[in-house]
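**Q** Contents are compact mmCIF, C-alpha atoms and all ligand atoms; file name start-v4.txt:
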# COMPACT_ATOMS: atom_id res chain seq x y z
CA MET A 1 2.74 1.58 -8.69
CA ILE A 2 0.78 -1.56 -7.82
CA ILE A 3 3.15 -4.49 -7.33
CA ILE A 4 0.62 -7.10 -6.12
CA LYS A 5 -2.93 -7.31 -7.37
CA THR A 6 -5.23 -10.22 -6.65
CA ASN A 7 -8.35 -11.02 -8.57
CA ASN A 8 -10.97 -13.01 -6.66
CA LEU A 9 -8.25 -15.18 -5.16
CA THR A 10 -9.84 -18.23 -3.56
CA LYS A 11 -8.63 -21.37 -1.79
CA LYS A 12 -10.87 -24.21 -0.76
CA PHE A 13 -9.82 -27.20 1.30
CA LYS A 14 -12.51 -29.72 0.32
CA ASP A 15 -15.80 -27.97 1.23
CA PHE A 16 -14.14 -25.38 3.45
CA THR A 17 -13.33 -21.99 1.91
CA ALA A 18 -10.18 -20.70 3.64
CA VAL A 19 -9.71 -17.70 1.31
CA ASP A 20 -12.81 -16.35 -0.34
CA ASN A 21 -12.59 -14.14 -3.45
CA ILE A 22 -9.97 -11.80 -2.08
CA ASN A 23 -9.04 -8.63 -3.96
CA ILE A 24 -6.05 -6.78 -2.56
CA ASN A 25 -3.63 -4.21 -3.95
CA VAL A 26 -0.13 -3.70 -2.60
CA TYR A 27 1.93 -0.70 -3.72
CA SER A 28 5.60 -0.84 -4.51
CA GLY A 29 7.83 0.19 -1.57
CA GLU A 30 5.19 0.01 1.13
CA ILE A 31 4.75 -2.14 4.21
CA TYR A 32 1.37 -3.80 3.88
CA ALA A 33 0.01 -5.53 6.97
CA PHE A 34 -2.42 -8.35 6.41
CA LEU A 35 -4.43 -8.59 9.61
CA GLY A 36 -6.77 -11.21 10.92
CA LEU A 37 -7.55 -13.51 13.82
CA ASN A 38 -6.00 -16.97 13.98
CA GLY A 39 -7.49 -19.06 11.20
CA ALA A 40 -8.68 -16.04 9.19
CA GLY A 41 -6.78 -17.12 6.07
CA LYS A 42 -3.58 -15.05 6.21
CA THR A 43 -1.02 -17.83 5.76
CA THR A 44 -3.08 -19.50 3.04
CA THR A 45 -3.16 -16.20 1.10
CA ILE A 46 0.59 -15.67 1.53
CA LYS A 47 1.27 -19.23 0.36
CA MET A 48 -0.71 -18.62 -2.82
CA LEU A 49 1.08 -15.31 -3.47
CA THR A 50 4.48 -16.98 -3.07
CA CYS A 51 3.43 -19.89 -5.34
CA LEU A 52 3.64 -22.49 -2.56
CA LEU A 53 -0.07 -23.28 -2.88
CA LYS A 54 -2.23 -23.32 -5.99
CA PRO A 55 -5.42 -21.24 -5.85
CA THR A 56 -8.72 -23.06 -6.31
CA SER A 57 -9.87 -20.12 -8.43
CA GLY A 58 -8.94 -16.54 -9.15
CA ASP A 59 -5.45 -15.25 -9.72
CA ALA A 60 -2.90 -12.65 -8.75
CA LEU A 61 -0.27 -10.60 -10.50
CA ILE A 62 3.07 -10.19 -8.73
CA ASN A 63 5.06 -7.42 -10.40
CA GLY A 64 2.96 -8.15 -13.48
CA LEU A 65 3.61 -11.92 -13.34
CA ASP A 66 0.74 -14.41 -13.07
CA ILE A 67 0.91 -16.79 -10.06
CA ASN A 68 -0.87 -19.48 -12.07
CA THR A 69 1.48 -19.51 -15.06
CA GLN A 70 4.74 -17.71 -14.18
CA LYS A 71 5.77 -19.42 -10.96
CA ASP A 72 9.50 -19.66 -11.74
CA LYS A 73 9.84 -15.96 -12.60
CA ILE A 74 7.93 -14.98 -9.44
CA LYS A 75 10.23 -17.12 -7.29
CA GLU A 76 13.18 -15.05 -8.55
CA ILE A 77 11.79 -11.81 -7.11
CA VAL A 78 9.86 -12.97 -4.06
CA SER A 79 10.99 -14.35 -0.73
CA ILE A 80 9.21 -15.53 2.39
CA SER A 81 10.06 -15.84 6.05
CA PRO A 82 7.51 -18.47 7.05
CA GLN A 83 5.43 -18.56 10.21
CA GLU A 84 7.57 -21.44 11.51
CA SER A 85 11.19 -20.27 11.23
CA ALA A 86 13.06 -22.41 8.71
CA PHE A 87 16.78 -23.05 9.01
CA ALA A 88 19.24 -25.91 9.44
CA PRO A 89 19.27 -26.42 13.24
CA ASN A 90 22.82 -27.77 13.45
CA LEU A 91 24.42 -25.03 11.35
CA ASN A 92 25.43 -21.76 12.95
CA ILE A 93 24.15 -18.35 11.87
CA TYR A 94 26.98 -17.70 9.39
CA GLN A 95 26.71 -21.20 7.91
CA ASN A 96 22.92 -20.95 7.51
CA LEU A 97 23.28 -17.65 5.65
CA VAL A 98 26.01 -18.98 3.35
CA PHE A 99 23.97 -22.14 2.74
CA MET A 100 20.96 -20.05 1.74
CA GLY A 101 23.13 -17.85 -0.48
CA ARG A 102 24.39 -20.94 -2.30
CA ILE A 103 20.78 -22.12 -2.81
CA TYR A 104 20.21 -18.80 -4.57
CA SER A 105 23.23 -19.53 -6.80
CA LEU A 106 25.63 -17.02 -5.25
CA THR A 107 29.29 -17.98 -5.66
CA LYS A 108 31.17 -19.02 -2.50
CA LYS A 109 32.75 -15.57 -2.32
CA GLN A 110 29.44 -13.74 -2.90
CA ALA A 111 27.66 -15.90 -0.29
CA ASP A 112 30.42 -15.23 2.25
CA GLU A 113 30.27 -11.47 1.63
CA ARG A 114 26.48 -11.33 1.76
CA ALA A 115 26.38 -13.44 4.95
CA LYS A 116 28.85 -11.07 6.64
CA GLU A 117 26.90 -8.04 5.45
CA LEU A 118 23.64 -9.43 6.87
CA ILE A 119 25.24 -10.46 10.16
CA LYS A 120 26.31 -6.86 10.57
CA GLU A 121 23.01 -5.38 9.42
CA PHE A 122 21.02 -7.64 11.74
CA ASP A 123 23.37 -7.14 14.67
CA LEU A 124 24.17 -10.85 14.88
CA THR A 125 27.97 -10.60 15.19
CA LYS A 126 28.01 -11.74 18.83
CA HIS A 127 26.03 -14.84 17.95
CA GLU A 128 27.30 -15.83 14.51
CA LYS A 129 29.01 -19.02 15.73
CA LYS A 130 25.97 -20.28 17.66
CA LYS A 131 24.01 -23.19 16.25
CA ALA A 132 20.57 -22.10 15.06
CA LYS A 133 18.80 -24.58 17.32
CA ASN A 134 20.35 -22.92 20.40
CA LEU A 135 19.27 -19.37 19.57
CA SER A 136 16.58 -17.46 21.48
CA GLY A 137 13.22 -16.88 19.77
CA GLY A 138 14.13 -13.32 18.78
CA LEU A 139 17.46 -14.34 17.24
CA LYS A 140 15.80 -17.24 15.39
CA ARG A 141 13.36 -14.79 13.78
CA ARG A 142 16.17 -12.40 12.89
CA LEU A 143 18.11 -15.24 11.27
CA SER A 144 15.02 -16.42 9.41
CA ILE A 145 14.41 -12.92 8.01
CA ALA A 146 18.09 -12.40 7.15
CA MET A 147 17.97 -15.71 5.24
CA ALA A 148 14.86 -14.55 3.41
CA ILE A 149 16.54 -11.40 2.12
CA ILE A 150 19.85 -13.00 1.11
CA SER A 151 18.82 -12.74 -2.55
CA LYS A 152 17.72 -9.09 -2.19
CA PRO A 153 14.13 -9.91 -3.15
CA LYS A 154 11.92 -7.27 -4.71
CA ILE A 155 9.06 -8.43 -2.48
CA LEU A 156 9.37 -9.91 1.00
CA PHE A 157 6.61 -11.79 2.82
CA LEU A 158 6.88 -12.04 6.60
CA ASP A 159 4.35 -14.42 8.12
CA GLU A 160 3.75 -13.51 11.78
CA PRO A 161 7.32 -12.21 12.20
CA THR A 162 7.02 -11.40 15.91
CA LEU A 163 4.92 -14.33 17.09
CA GLY A 164 6.22 -15.58 20.44
CA LEU A 165 8.78 -12.79 20.90
CA ASP A 166 9.27 -10.73 24.06
CA VAL A 167 8.81 -6.96 24.06
CA ILE A 168 12.47 -6.09 23.43
CA SER A 169 12.97 -8.65 20.65
CA ARG A 170 9.77 -7.43 19.01
CA HIS A 171 11.00 -3.86 19.14
CA ASN A 172 14.40 -4.84 17.70
CA LEU A 173 12.72 -6.73 14.88
CA TRP A 174 10.52 -3.75 14.03
CA ASN A 175 13.72 -1.73 13.56
CA GLU A 176 15.11 -4.39 11.22
CA ILE A 177 11.89 -4.45 9.23
CA ASN A 178 12.02 -0.68 8.80
CA LYS A 179 15.60 -0.95 7.52
CA ILE A 180 14.62 -3.62 4.98
CA LYS A 181 11.78 -1.39 3.82
CA GLU A 182 14.32 0.94 2.26
CA TYR A 183 14.84 -1.50 -0.60
CA THR A 184 11.98 -4.03 -0.53
CA THR A 185 8.19 -4.10 -0.59
CA ILE A 186 7.04 -5.92 2.55
CA ILE A 187 3.84 -7.80 3.18
CA LEU A 188 3.55 -8.94 6.76
CA THR A 189 0.82 -10.89 8.43
CA THR A 190 0.08 -10.32 12.05
CA HIS A 191 -2.67 -10.48 14.59
CA PHE A 192 -0.93 -7.82 16.69
CA LEU A 193 -2.68 -4.55 15.98
CA ASP A 194 -0.03 -2.37 17.62
CA GLU A 195 2.49 -3.92 15.26
CA ALA A 196 0.40 -3.01 12.23
CA GLU A 197 -0.18 0.50 13.56
CA LYS A 198 3.59 0.98 14.11
CA LEU A 199 4.85 -0.47 10.86
CA ALA A 200 2.27 -0.48 8.12
CA ASP A 201 1.61 2.08 5.44
CA ARG A 202 -1.62 0.29 4.64
CA VAL A 203 -3.49 -2.67 6.05
CA GLY A 204 -5.88 -5.29 4.75
CA ILE A 205 -8.17 -6.96 7.28
CA ILE A 206 -9.31 -10.52 6.60
CA SER A 207 -12.01 -12.34 8.51
CA ASN A 208 -13.29 -15.84 7.79
CA GLY A 209 -11.43 -15.80 4.48
CA LYS A 210 -13.02 -12.56 3.28
CA LEU A 211 -11.40 -9.15 2.93
CA VAL A 212 -13.25 -6.77 5.23
CA ILE A 213 -11.39 -3.54 4.42
CA GLU A 214 -8.16 -2.31 2.87
CA ASN A 215 -6.81 1.16 3.52
CA SER A 216 -4.34 3.24 5.51
CA VAL A 217 -4.52 2.95 9.31
CA ASN A 218 -5.73 6.55 9.54
CA ASN A 219 -8.48 6.09 6.98
CA ILE A 220 -9.68 2.93 8.70
CA LYS A 221 -9.83 4.76 12.03
CA GLU A 222 -11.71 7.61 10.41
CA TYR A 223 -14.13 5.28 8.63
CA THR A 224 -14.98 3.42 11.83
CA HIS A 225 -14.95 6.58 14.02
CA GLU A 226 -12.45 4.90 16.34
CA ASN A 227 -9.17 6.29 17.62
CA THR A 228 -7.19 3.06 17.72
CA LEU A 229 -6.73 0.38 15.10
CA GLU A 230 -7.61 -2.17 17.76
CA ASN A 231 -11.07 -0.68 18.30
CA ALA A 232 -11.57 -0.29 14.56
CA PHE A 233 -10.61 -3.95 14.08
CA ILE A 234 -13.02 -5.14 16.76
CA LYS A 235 -15.81 -3.11 15.17
CA LEU A 236 -15.10 -4.42 11.66
CA VAL A 237 -14.32 -8.04 12.45
CA GLY A 238 -16.95 -8.28 15.16
CA GLU A 239 -19.55 -7.04 12.71
CA SER A 240 -18.55 -9.44 9.95
CA ASN A 241 -18.53 -12.38 12.37
CA TYR A 242 -21.95 -11.32 13.60
CA GLU A 243 -23.29 -11.33 10.04
CA ASN A 244 -21.90 -14.84 9.55
CA ASP A 245 -23.53 -16.02 12.77
CA SER A 246 -26.86 -14.64 11.69
CA ILE A 247 -26.60 -16.44 8.33
CA CYS A 248 -26.02 -19.74 10.19
N1 LIG A 301 -3.95 -27.74 4.38
C1 LIG A 301 -5.10 -27.42 4.96
N2 LIG A 301 -6.14 -28.28 4.97
C2 LIG A 301 -7.33 -27.96 5.54
N3 LIG A 301 -7.58 -26.77 6.14
C3 LIG A 301 -6.58 -25.87 6.17
C4 LIG A 301 -5.30 -26.14 5.58
N4 LIG A 301 -4.51 -25.03 5.76
C5 LIG A 301 -5.26 -24.15 6.42
N5 LIG A 301 -6.50 -24.64 6.68
C6 LIG A 301 -7.58 -23.93 7.36
O1 LIG A 301 -7.81 -22.72 6.68
C7 LIG A 301 -8.10 -21.68 7.62
C8 LIG A 301 -7.13 -20.55 7.43
O2 LIG A 301 -5.85 -20.97 7.85
P1 LIG A 301 -4.58 -20.01 7.81
O3 LIG A 301 -4.47 -19.43 6.45
O4 LIG A 301 -3.43 -20.80 8.31
O5 LIG A 301 -5.01 -18.89 8.85
P2 LIG A 301 -4.14 -17.75 9.56
O6 LIG A 301 -2.77 -17.76 8.95
O7 LIG A 301 -4.90 -16.49 9.31
O8 LIG A 301 -4.12 -18.09 11.02
C9 LIG A 301 -8.05 -22.31 8.99
O9 LIG A 301 -9.37 -22.64 9.38
C10 LIG A 301 -7.22 -23.54 8.79
O10 LIG A 301 -7.55 -24.56 9.71
MG MG A 302 -0.93 -18.03 9.83
Now that the file is in, can you turn its structure into structure tokens?
Ligand SMILES: Nc1ncnc2c1ncn2[C@@H]1O[C@H](COP(=O)(O)OP(=O)(O)O)[C@@H](O)[C@H]1O
Ligand SMILES: [Mg+2]
**A**
Amino acid sequence: MIIIKTNNLTKKFKDFTAVDNININVYSGEIYAFLGLNGAGKTTTIKMLTCLLKPTSGDALINGLDINTQKDKIKEIVSISPQESAFAPNLNIYQNLVFMGRIYSLTKKQADERAKELIKEFDLTKHEKKKAKNLSGGLKRRLSIAMAIISKPKILFLDEPTLGLDVISRHNLWNEINKIKEYTTIILTTHFLDEAEKLADRVGIISNGKLVIENSVNNIKEYTHENTLENAFIKLVGESNYENDSIC
């Protein structure tokens, strides 16, 4: 079942088109990786799909709800872990989770239970009393993602979840993401191709605001006659950039 469908989704900042008539389809229960170089338009797209930014034109249906007219209903089923981790720096891990639970209208008891459940699930027990501002990069990302799923969202957006993490933290986070997948559709943006290859059921590649291709990793490799996603990406994005250069 298609859970996200965009229809010529477009965002312009003055004369600059950051997202250009994008049409993507995300299926329920999958991990969809939205890939692109820095500045390609990934975050802008995610912001429109989570109703944080209004499209200039086009629209999208999230679980059948229109981003232009049904913002409040969409916010009930969607959650985002933003590119810049968001938490209260002076609260500890447990307090941040409870705080977020209360924002989502959980009772004190429910928020306490959910916070403890997530601390366990995300292997944060050793660190639960540490203030968020003092956590390592990997723990900050884990906290940020735990906070994003406090409300058990139907759809979770992870914007560059492993940016700035070391190899071990990245690996640990991939395990967490695979656990979350059991009950949530995940859309993650990344410019790490190994990450997409490891995690994603399907990928969409965006370049200069335009969707270049959307398919499974295997089909994209087959289509480009390449044996790694990285080579396929270079072929596809290199070609589309070349076309743009020749237009200029
Ligand atoms: N608020 C804004 N005003 C003007 N330009 C913006 C704004 N937000 C993003 N952009 C531009 O839009 C393009 C896409 O940005 P973004 O979606 O953040 O890319 P990505 O997440 O793929 O790195 C970039 O060129 C960026 O500079
Ligand atoms: Mg971004």
**Q** Just give me the residues with any atom within 12 Å of (24.3, -16.0, -4.2), file coordinates, counting all atoms listed in the file, written as a ChimeraX atom specification.
**A** /A:76,97-115,147,149-153
**Q** Could you tell me how far atom CA of A:Leu156 sits from atom CA of A:Glu222, in Å to one decimal place?
**A**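 We find that atom CA of A:Glu222 and atom CA of A:Leu156 lie 29.0 Å from each other.
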**Q** Near stretch 139-146 of chain A, counting only C-alpha atoms, which residues have an atom at most 9 Å away, once you skip same-chain residues fewer than 2 positions from it, shown as a PyMOL selection string?
**A** chain A and resi 80-82+85-87+93+96-97+115+118-119+121-122+124+127+132-137+148-150+158+161-162+165+169+173+176-177
**Q** Which residue, A:Ile22, A:Leu65, A:Tyr94, A:Lys154, has the smallest gap to A:Lys126 when you use all atoms listed in the file?
**A**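 Selected residue with least distance to A:Lys126: A:Tyr94.
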**Q** Wanna dump the chain A-ligand LIG 301 (chain A) contacts at 12 Å for me, each residue with its shortest atom pair and the distance in Å to one decimal, counting all atoms listed in the file, ordered by chain and number, as CSV?
**A**
residue,atom,partner,partner_atom,distance
A:Thr10,CA,A:LIG301,O1,11.4
A:Lys11,CA,A:LIG301,O1,8.6
A:Lys12,CA,A:LIG301,N3,8.1
A:Phe13,CA,A:LIG301,C2,5.0
A:Lys14,CA,A:LIG301,C2,7.6
A:Asp15,CA,A:LIG301,C2,9.5
A:Phe16,CA,A:LIG301,N3,7.2
A:Thr17,CA,A:LIG301,O1,7.3
A:Ala18,CA,A:LIG301,O1,4.4
A:Val19,CA,A:LIG301,C8,7.2
A:Asp20,CA,A:LIG301,C8,10.5
A:Phe34,CA,A:LIG301,O7,9.0
A:Leu35,CA,A:LIG301,O7,7.9
A:Gly36,CA,A:LIG301,O7,5.8
A:Leu37,CA,A:LIG301,O7,6.0
A:Asn38,CA,A:LIG301,O8,3.7
A:Gly39,CA,A:LIG301,O5,3.4
A:Ala40,CA,A:LIG301,O7,3.8
A:Gly41,CA,A:LIG301,O3,3.3
A:Lys42,CA,A:LIG301,O7,3.7
A:Thr43,CA,A:LIG301,O6,3.6
A:Thr44,CA,A:LIG301,O3,3.7
A:Thr45,CA,A:LIG301,O3,6.4
A:Ile46,CA,A:LIG301,O3,8.0
A:Lys47,CA,A:LIG301,O3,8.4
A:Met48,CA,A:LIG301,O3,10.0
A:Leu52,CA,A:LIG301,N1,11.5
A:Leu53,CA,A:LIG301,N1,9.4
A:Lys54,CA,A:LIG301,N1,11.4
A:Pro82,CA,A:LIG301,O6,10.5
A:Gln83,CA,A:LIG301,O6,8.3
A:Glu84,CA,A:LIG301,O6,11.3
A:Leu158,CA,A:LIG301,O6,11.5
A:Asp159,CA,A:LIG301,O6,7.9
A:Glu160,CA,A:LIG301,O6,8.3
A:Pro161,CA,A:LIG301,O6,12.0
A:Leu163,CA,A:LIG301,O8,11.5
A:Leu188,CA,A:LIG301,O6,11.1
A:Thr189,CA,A:LIG301,O6,7.8
A:Thr190,CA,A:LIG301,O7,8.4
A:His191,CA,A:LIG301,O7,8.3
A:Ile205,CA,A:LIG301,O7,10.3
A:Ile206,CA,A:LIG301,O7,7.9
A:Ser207,CA,A:LIG301,O7,8.3
A:Asn208,CA,A:LIG301,C8,7.8
A:Gly209,CA,A:LIG301,C8,7.1
A:Lys210,CA,A:LIG301,C8,10.8
A:Leu211,CA,A:LIG301,O7,11.7
**Q** How many Å lie between atom CA of A:Thr224 and atom CA of A:Leu236, rounded to one decimal?
**A**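 Here the two named atoms are 7.8 Å from each other.
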**Q** Please return the centre and edge lengths, in Å to one decimal, of a box with edges along x, y and z that contains all listed atoms of stretch 18-36 of chain A, widened by 4 Å on every side, as lines of an AutoDock Vina configuration file.
**A**
center_x = -2.5
center_y = -10.3
center_z = 3.2
size_x = 28.6
size_y = 28.9
size_z = 23.4
**Q** May I have the residues within 6 Å of A:Gly58 as number ranges by chain, using only C-alpha atoms and disregarding those fewer than 5 positions away in the same chain?
**A** A: 7-10
**Q** Give me, please, the distance in Å between atom CA of A:Glu182 and atom CA of A:Ala33, quoted to one decimal.
**A** 16.4 Å
**Q** For a cut-off of 10 Å around (4.1, -1.9, 14.3), file coordinates, pick out all residues using only C-alpha atoms and list them as a JSON list (two decimals) with C-alpha atoms, keeping the file's coordinate frame.
**A**
[["chain", "number", "residue", "atom", "x", "y", "z"],
["A", 33, "ALA", "CA", 0.01, -5.53, 6.97],
["A", 170, "ARG", "CA", 9.77, -7.43, 19.01],
["A", 171, "HIS", "CA", 11.00, -3.86, 19.14],
["A", 173, "LEU", "CA", 12.72, -6.73, 14.88],
["A", 174, "TRP", "CA", 10.52, -3.75, 14.03],
["A", 175, "ASN", "CA", 13.72, -1.73, 13.56],
["A", 177, "ILE", "CA", 11.89, -4.45, 9.23],
["A", 178, "ASN", "CA", 12.02, -0.68, 8.80],
["A", 190, "THR", "CA", 0.08, -10.32, 12.05],
["A", 192, "PHE", "CA", -0.93, -7.82, 16.69],
["A", 193, "LEU", "CA", -2.68, -4.55, 15.98],
["A", 194, "ASP", "CA", -0.03, -2.37, 17.62],
["A", 195, "GLU", "CA", 2.49, -3.92, 15.26],
["A", 196, "ALA", "CA", 0.40, -3.01, 12.23],
["A", 197, "GLU", "CA", -0.18, 0.50, 13.56],
["A", 198, "LYS", "CA", 3.59, 0.98, 14.11],
["A", 199, "LEU", "CA", 4.85, -0.47, 10.86],
["A", 200, "ALA", "CA", 2.27, -0.48, 8.12]]
